[in-house]
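A.B. asks: As input, take my_file.txt (compact mmCIF, C-alpha atoms):
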# COMPACT_ATOMS: atom_id res chain seq x y z
CA MET J 1 0.00 0.00 0.00
CA GLY J 2 1.23 3.48 -0.76
CA PRO J 3 0.75 6.98 0.59
CA GLY J 4 -2.84 7.91 1.16
CA ASP J 5 -4.19 4.37 1.10
CA GLY J 6 -5.30 4.64 4.71
CA ASP J 7 -2.90 1.93 5.79
CA GLY J 8 -1.85 3.78 8.96
CA GLN J 9 1.88 3.31 8.34
CA ALA J 10 4.39 5.53 10.08
CA GLU J 11 6.19 8.14 7.99
CA GLU J 12 9.18 5.89 7.36
CA GLY J 13 6.88 3.48 5.46
CA LEU J 14 5.71 6.26 3.14
CA GLY J 15 9.08 7.22 1.72
CA ILE J 16 8.82 10.78 3.07
CA GLU J 17 11.72 12.15 5.06
CA PRO J 18 10.95 13.53 8.53
CA LEU J 19 11.07 17.31 8.85
CA HIS J 20 13.50 17.38 11.80
CA GLY J 21 16.09 20.11 11.32
CA ARG J 22 14.33 21.79 8.38
CA THR J 23 13.56 25.49 8.57
CA GLN J 24 12.81 26.31 4.93
CA GLY J 25 9.73 28.51 5.60
CA ASP J 26 9.22 31.55 7.79
CA ASP J 27 8.05 29.42 10.70
CA VAL J 28 9.02 25.86 11.58
CA ALA J 29 5.45 25.22 12.79
CA ASP J 30 4.11 26.04 9.30
CA ASP J 31 6.65 23.65 7.78
CA GLU J 32 5.53 20.93 10.19
CA ASP J 33 1.88 21.54 9.23
CA SER J 34 2.86 21.24 5.57
CA TRP J 35 4.80 18.06 6.29
CA CYS J 36 1.69 16.54 7.90
CA LEU J 37 -0.21 17.28 4.69
CA GLU J 38 2.46 15.39 2.74
CA VAL J 39 2.10 12.33 4.94
CA ALA J 40 -1.70 12.52 4.55
CA GLY J 41 -1.23 12.22 0.79
CA CYS J 42 -1.93 15.79 -0.38
CA ARG J 43 -0.52 16.13 -3.89
CA PHE J 44 -2.24 19.29 -5.15
CA PHE J 45 -2.06 22.77 -3.68
CA SER J 46 -3.45 26.01 -5.04
CA GLY J 47 -3.31 29.25 -3.14
CA TYR J 48 -2.77 32.98 -3.17
CA PRO J 49 0.02 34.35 -0.96
CA ILE J 50 -1.51 36.16 1.99
CA THR J 51 0.12 36.35 5.42
CA PRO J 52 0.27 34.46 7.74
CA GLN J 53 -0.19 31.39 5.50
CA SER J 54 2.49 32.34 2.97
CA ALA J 55 5.02 30.05 4.66
CA ILE J 56 2.92 27.01 3.70
CA LEU J 57 2.88 28.14 0.06
CA GLU J 58 6.63 28.76 0.17
CA TYR J 59 7.35 25.31 1.62
CA LEU J 60 5.01 23.42 -0.72
CA SER J 61 6.33 25.30 -3.77
CA TRP J 62 9.59 23.35 -3.62
CA ARG J 63 8.44 20.25 -1.74
CA MET J 64 5.60 19.28 -4.11
CA ASP J 65 8.15 18.89 -6.92
CA GLU J 66 10.03 16.35 -4.83
CA LEU J 67 6.80 14.45 -4.11
CA GLY J 68 5.54 14.44 -7.68
CA GLY J 69 2.65 16.77 -6.86
CA ASN J 70 1.52 20.15 -8.12
CA CYS J 71 1.73 23.51 -6.38
CA VAL J 72 0.12 26.52 -8.05
CA GLN J 73 0.46 30.11 -6.83
CA THR J 74 -2.77 31.62 -8.11
CA GLU J 75 -3.53 35.17 -9.21
CA SER J 76 -6.45 35.49 -6.80
CA GLU J 77 -8.28 33.73 -3.99
CA LEU J 78 -11.12 32.97 -6.40
CA ALA J 79 -8.74 31.20 -8.78
CA GLY J 80 -7.32 29.20 -5.86
CA ILE J 81 -10.68 27.82 -4.74
CA ASN J 82 -11.77 27.07 -8.31
CA MET J 83 -8.56 25.13 -8.98
CA LEU J 84 -9.24 23.22 -5.76
CA LEU J 85 -12.74 22.42 -7.06
CA GLY J 86 -11.29 21.12 -10.32
CA ALA J 87 -8.60 19.04 -8.64
CA ALA J 88 -11.04 17.51 -6.15
CA SER J 89 -13.44 16.75 -9.02
CA ALA J 90 -10.62 14.88 -10.76
CA GLY J 91 -9.97 12.81 -7.62
CA ALA J 92 -6.83 14.53 -6.32
CA ARG J 93 -6.18 14.99 -2.61
CA ALA J 94 -6.31 18.75 -2.77
CA LEU J 95 -5.58 21.68 -0.45
CA THR J 96 -5.84 25.45 -0.40
CA THR J 97 -4.89 27.87 2.34
CA THR J 98 -5.96 31.40 3.13
CA SER J 99 -6.35 33.90 5.92
CA GLY J 100 -9.32 35.98 7.08
CA PRO J 101 -10.45 38.16 4.17
CA GLY J 102 -9.33 35.56 1.64
CA PHE J 103 -11.74 33.04 3.15
CA SER J 104 -14.60 35.46 2.49
CA LEU J 105 -13.56 35.70 -1.17
CA LYS J 106 -13.66 31.89 -1.48
CA GLN J 107 -17.31 31.51 -0.40
CA GLU J 108 -18.80 30.93 -3.85
CA GLY J 109 -16.29 28.17 -4.61
CA ILE J 110 -16.79 26.64 -1.17
CA SER J 111 -20.54 26.44 -1.83
CA TYR J 112 -19.90 24.63 -5.15
CA ILE J 113 -17.54 22.18 -3.40
CA ALA J 114 -20.07 21.56 -0.61
CA GLY J 115 -22.93 21.16 -3.08
CA SER J 116 -20.89 18.65 -5.07
CA GLN J 117 -19.88 16.86 -1.85
CA LEU J 118 -16.21 16.83 -2.87
CA PRO J 119 -13.51 16.04 -0.33
CA CYS J 120 -10.80 18.69 0.03
CA VAL J 121 -8.96 20.67 2.69
CA ILE J 122 -9.33 24.43 3.18
CA VAL J 123 -6.98 25.90 5.81
CA ASN J 124 -7.95 29.30 7.27
CA MET J 125 -4.98 30.62 9.26
CA VAL J 126 -5.27 33.49 11.72
CA ARG J 127 -2.75 35.91 13.14
CA GLY J 128 -2.07 35.68 16.83
CA GLY J 129 -3.15 38.73 18.79
CA PRO J 130 -1.73 40.38 21.88
Starting from the coordinates I provided, produce the structure as structure tokens.
C.D. replies:
Amino acid sequence: MGPGDGDGQAEEGLGIEPLHGRTQGDDVADDEDSWCLEVAGCRFFSGYPITPQSAILEYLSWRMDELGGNCVQTESELAGINMLLGAASAGARALTTTSGPGFSLKQEGISYIAGSQLPCVIVNMVRGGP
């Protein structure tokens, strides 16, 4: 069984190197979140760079090549959610990320995804306050 087959194998059985010692993005925690998505079998990412989620886009932009996946930096939040809709419709394990106002812009696409009952992951990151 391979990645994403639901076999419950540890990361060493998936052929994905552990993240320990890597600090490619702005925040190691964002890299670790991205690494968890790799282990879960995510092989398609589309997103618009908006802080604080830009570190995930930065990490996946080089890591998806190594995993044989696709990472697309879109021209808008609307394009990002529509690419997610297309990828999920084609059967890909797909992800998009955003923050606050970007999530509002994605609402039409989210309603299409929900109405079609397509599985995908939408990450809405927030800035920490005082």
A.B. asks: What does the structure give for the distance between atom CA of Ser54 of chain J and atom CA of Gly115 of chain J, in Å to one decimal?
C.D. replies: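 That distance, rounded to one decimal, is 28.4 Å.
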A.B. asks: With only C-alpha atoms as the basis for distance, which of J:Leu37, J:Gly47, J:Ala87, J:Leu78 is at the shortest distance from Arg63 of chain J?
C.D. replies: J:Leu37
A.B. asks: So which one's closest to Gly91 of chain J, J:Leu60, J:Gly68, J:Gln53, J:Pro119? Using all atoms listed in the file, please.
C.D. replies: J:Pro119
A.B. asks: At a cut-off of 8 Å, using all atoms listed in the file, what residues contact Phe44 of chain J? Leave out same-chain residues fewer than 2 positions from it and give the result as an MDAnalysis selection string.
C.D. replies: chainID J and resid 42 46 64 69:71 87 92:95
A.B. asks: Could you list, as a PyMOL selection string, every residue within 10 Å of Ile50 of chain J, counting only C-alpha atoms and ignoring same-chain residues fewer than 3 positions away?
C.D. replies: chain J and resi 47+53-55+57+77+97-102+125
A.B. asks: Figure out the distance between atom CA of Gly41 of chain J and atom CA of Gly109 of chain J, please, to one decimal in Å.
C.D. replies: 22.6 Å
A.B. asks: So, with all atoms listed in the file as the atoms that count, which of J:Gln117, J:Asn82, J:Ser34, J:Ser76 lies closest to Tyr48 of chain J?
C.D. replies: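 Ranking J:Gln117, J:Asn82, J:Ser34, J:Ser76 by distance to Tyr48 of chain J, first place goes to J:Ser76.
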A.B. asks: Have a look at J:Ala88, J:Glu58, J:Trp35, J:Glu66 and name the one nearest to Ile113 of chain J; count only C-alpha atoms.
C.D. replies: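 Of J:Ala88, J:Glu58, J:Trp35, J:Glu66, the one nearest Ile113 of chain J, counting only C-alpha atoms, is J:Ala88.
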A.B. asks: For the atom pair atom CA of Phe103 of chain J and atom CA of Leu67 of chain J, what is the interatomic distance in Å to one decimal place?
C.D. replies: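 Taking atom CA of Phe103 of chain J as the start and atom CA of Leu67 of chain J as the end point, the length is 27.2 Å.
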A.B. asks: Would you fill out segment 118-129 of chain J with all heavy atoms and return it as a PDB file, keeping the file's coordinate frame?
C.D. replies:
ATOM      1  N   LEU J 118     -17.573  17.216  -2.532  1.00  0.00           N
ATOM      2  CA  LEU J 118     -16.210  16.830  -2.870  1.00  0.00           C
ATOM      3  C   LEU J 118     -15.300  16.946  -1.660  1.00  0.00           C
ATOM      4  O   LEU J 118     -15.363  17.934  -0.935  1.00  0.00           O
ATOM      5  CB  LEU J 118     -15.679  17.731  -3.996  1.00  0.00           C
ATOM      6  CG  LEU J 118     -16.377  17.578  -5.332  1.00  0.00           C
ATOM      7  CD1 LEU J 118     -15.935  18.683  -6.285  1.00  0.00           C
ATOM      8  CD2 LEU J 118     -16.088  16.214  -5.933  1.00  0.00           C
ATOM      9  N   PRO J 119     -14.450  15.954  -1.448  1.00  0.00           N
ATOM     10  CA  PRO J 119     -13.510  16.040  -0.330  1.00  0.00           C
ATOM     11  C   PRO J 119     -12.313  16.926  -0.684  1.00  0.00           C
ATOM     12  O   PRO J 119     -11.734  16.800  -1.759  1.00  0.00           O
ATOM     13  CB  PRO J 119     -13.065  14.593  -0.128  1.00  0.00           C
ATOM     14  CG  PRO J 119     -13.198  13.979  -1.486  1.00  0.00           C
ATOM     15  CD  PRO J 119     -14.367  14.680  -2.141  1.00  0.00           C
ATOM     16  N   CYS J 120     -11.973  17.849   0.195  1.00  0.00           N
ATOM     17  CA  CYS J 120     -10.800  18.690   0.030  1.00  0.00           C
ATOM     18  C   CYS J 120     -10.499  19.327   1.386  1.00  0.00           C
ATOM     19  O   CYS J 120     -11.277  19.198   2.320  1.00  0.00           O
ATOM     20  CB  CYS J 120     -11.001  19.750  -1.045  1.00  0.00           C
ATOM     21  SG  CYS J 120     -12.353  20.865  -0.706  1.00  0.00           S
ATOM     22  N   VAL J 121      -9.365  20.015   1.462  1.00  0.00           N
ATOM     23  CA  VAL J 121      -8.960  20.670   2.690  1.00  0.00           C
ATOM     24  C   VAL J 121      -8.806  22.161   2.420  1.00  0.00           C
ATOM     25  O   VAL J 121      -8.127  22.555   1.481  1.00  0.00           O
ATOM     26  CB  VAL J 121      -7.642  20.094   3.247  1.00  0.00           C
ATOM     27  CG1 VAL J 121      -7.203  20.848   4.492  1.00  0.00           C
ATOM     28  CG2 VAL J 121      -7.790  18.611   3.544  1.00  0.00           C
ATOM     29  N   ILE J 122      -9.455  22.981   3.257  1.00  0.00           N
ATOM     30  CA  ILE J 122      -9.330  24.430   3.180  1.00  0.00           C
ATOM     31  C   ILE J 122      -8.804  24.893   4.544  1.00  0.00           C
ATOM     32  O   ILE J 122      -9.479  24.723   5.552  1.00  0.00           O
ATOM     33  CB  ILE J 122     -10.667  25.109   2.864  1.00  0.00           C
ATOM     34  CG1 ILE J 122     -11.221  24.588   1.536  1.00  0.00           C
ATOM     35  CG2 ILE J 122     -10.501  26.622   2.837  1.00  0.00           C
ATOM     36  CD1 ILE J 122     -12.661  24.974   1.273  1.00  0.00           C
ATOM     37  N   VAL J 123      -7.595  25.451   4.567  1.00  0.00           N
ATOM     38  CA  VAL J 123      -6.980  25.900   5.810  1.00  0.00           C
ATOM     39  C   VAL J 123      -7.163  27.416   5.906  1.00  0.00           C
ATOM     40  O   VAL J 123      -6.786  28.152   5.002  1.00  0.00           O
ATOM     41  CB  VAL J 123      -5.475  25.552   5.844  1.00  0.00           C
ATOM     42  CG1 VAL J 123      -4.827  26.104   7.096  1.00  0.00           C
ATOM     43  CG2 VAL J 123      -5.284  24.051   5.750  1.00  0.00           C
ATOM     44  N   ASN J 124      -7.768  27.868   7.007  1.00  0.00           N
ATOM     45  CA  ASN J 124      -7.950  29.300   7.270  1.00  0.00           C
ATOM     46  C   ASN J 124      -7.058  29.656   8.460  1.00  0.00           C
ATOM     47  O   ASN J 124      -7.395  29.352   9.603  1.00  0.00           O
ATOM     48  CB  ASN J 124      -9.412  29.622   7.546  1.00  0.00           C
ATOM     49  CG  ASN J 124      -9.669  31.099   7.712  1.00  0.00           C
ATOM     50  OD1 ASN J 124      -8.842  31.929   7.337  1.00  0.00           O
ATOM     51  ND2 ASN J 124     -10.810  31.431   8.268  1.00  0.00           N
ATOM     52  N   MET J 125      -5.924  30.277   8.195  1.00  0.00           N
ATOM     53  CA  MET J 125      -4.980  30.620   9.260  1.00  0.00           C
ATOM     54  C   MET J 125      -5.286  32.007   9.800  1.00  0.00           C
ATOM     55  O   MET J 125      -5.737  32.882   9.070  1.00  0.00           O
ATOM     56  CB  MET J 125      -3.551  30.575   8.741  1.00  0.00           C
ATOM     57  CG  MET J 125      -3.136  29.180   8.322  1.00  0.00           C
ATOM     58  SD  MET J 125      -1.401  29.061   7.923  1.00  0.00           S
ATOM     59  CE  MET J 125      -0.664  29.272   9.528  1.00  0.00           C
ATOM     60  N   VAL J 126      -5.031  32.196  11.093  1.00  0.00           N
ATOM     61  CA  VAL J 126      -5.270  33.490  11.720  1.00  0.00           C
ATOM     62  C   VAL J 126      -3.986  33.996  12.367  1.00  0.00           C
ATOM     63  O   VAL J 126      -3.122  33.218  12.752  1.00  0.00           O
ATOM     64  CB  VAL J 126      -6.391  33.416  12.783  1.00  0.00           C
ATOM     65  CG1 VAL J 126      -7.706  33.042  12.139  1.00  0.00           C
ATOM     66  CG2 VAL J 126      -6.049  32.434  13.886  1.00  0.00           C
ATOM     67  N   ARG J 127      -3.890  35.290  12.459  1.00  0.00           N
ATOM     68  CA  ARG J 127      -2.750  35.910  13.140  1.00  0.00           C
ATOM     69  C   ARG J 127      -2.995  35.879  14.633  1.00  0.00           C
ATOM     70  O   ARG J 127      -4.121  36.109  15.092  1.00  0.00           O
ATOM     71  CB  ARG J 127      -2.607  37.358  12.695  1.00  0.00           C
ATOM     72  CG  ARG J 127      -2.169  37.529  11.281  1.00  0.00           C
ATOM     73  CD  ARG J 127      -2.067  39.013  10.935  1.00  0.00           C
ATOM     74  NE  ARG J 127      -1.688  39.157   9.551  1.00  0.00           N
ATOM     75  CZ  ARG J 127      -2.543  39.202   8.541  1.00  0.00           C
ATOM     76  NH1 ARG J 127      -3.838  39.112   8.759  1.00  0.00           N
ATOM     77  NH2 ARG J 127      -2.108  39.347   7.305  1.00  0.00           N
ATOM     78  N   GLY J 128      -1.961  35.635  15.382  1.00  0.00           N
ATOM     79  CA  GLY J 128      -2.070  35.680  16.830  1.00  0.00           C
ATOM     80  C   GLY J 128      -2.150  37.130  17.306  1.00  0.00           C
ATOM     81  O   GLY J 128      -1.472  37.997  16.785  1.00  0.00           O
ATOM     82  N   GLY J 129      -2.995  37.373  18.257  1.00  0.00           N
ATOM     83  CA  GLY J 129      -3.150  38.730  18.790  1.00  0.00           C
ATOM     84  C   GLY J 129      -2.402  38.906  20.092  1.00  0.00           C
ATOM     85  O   GLY J 129      -1.835  37.964  20.636  1.00  0.00           O
TER      86      GLY J 129
END
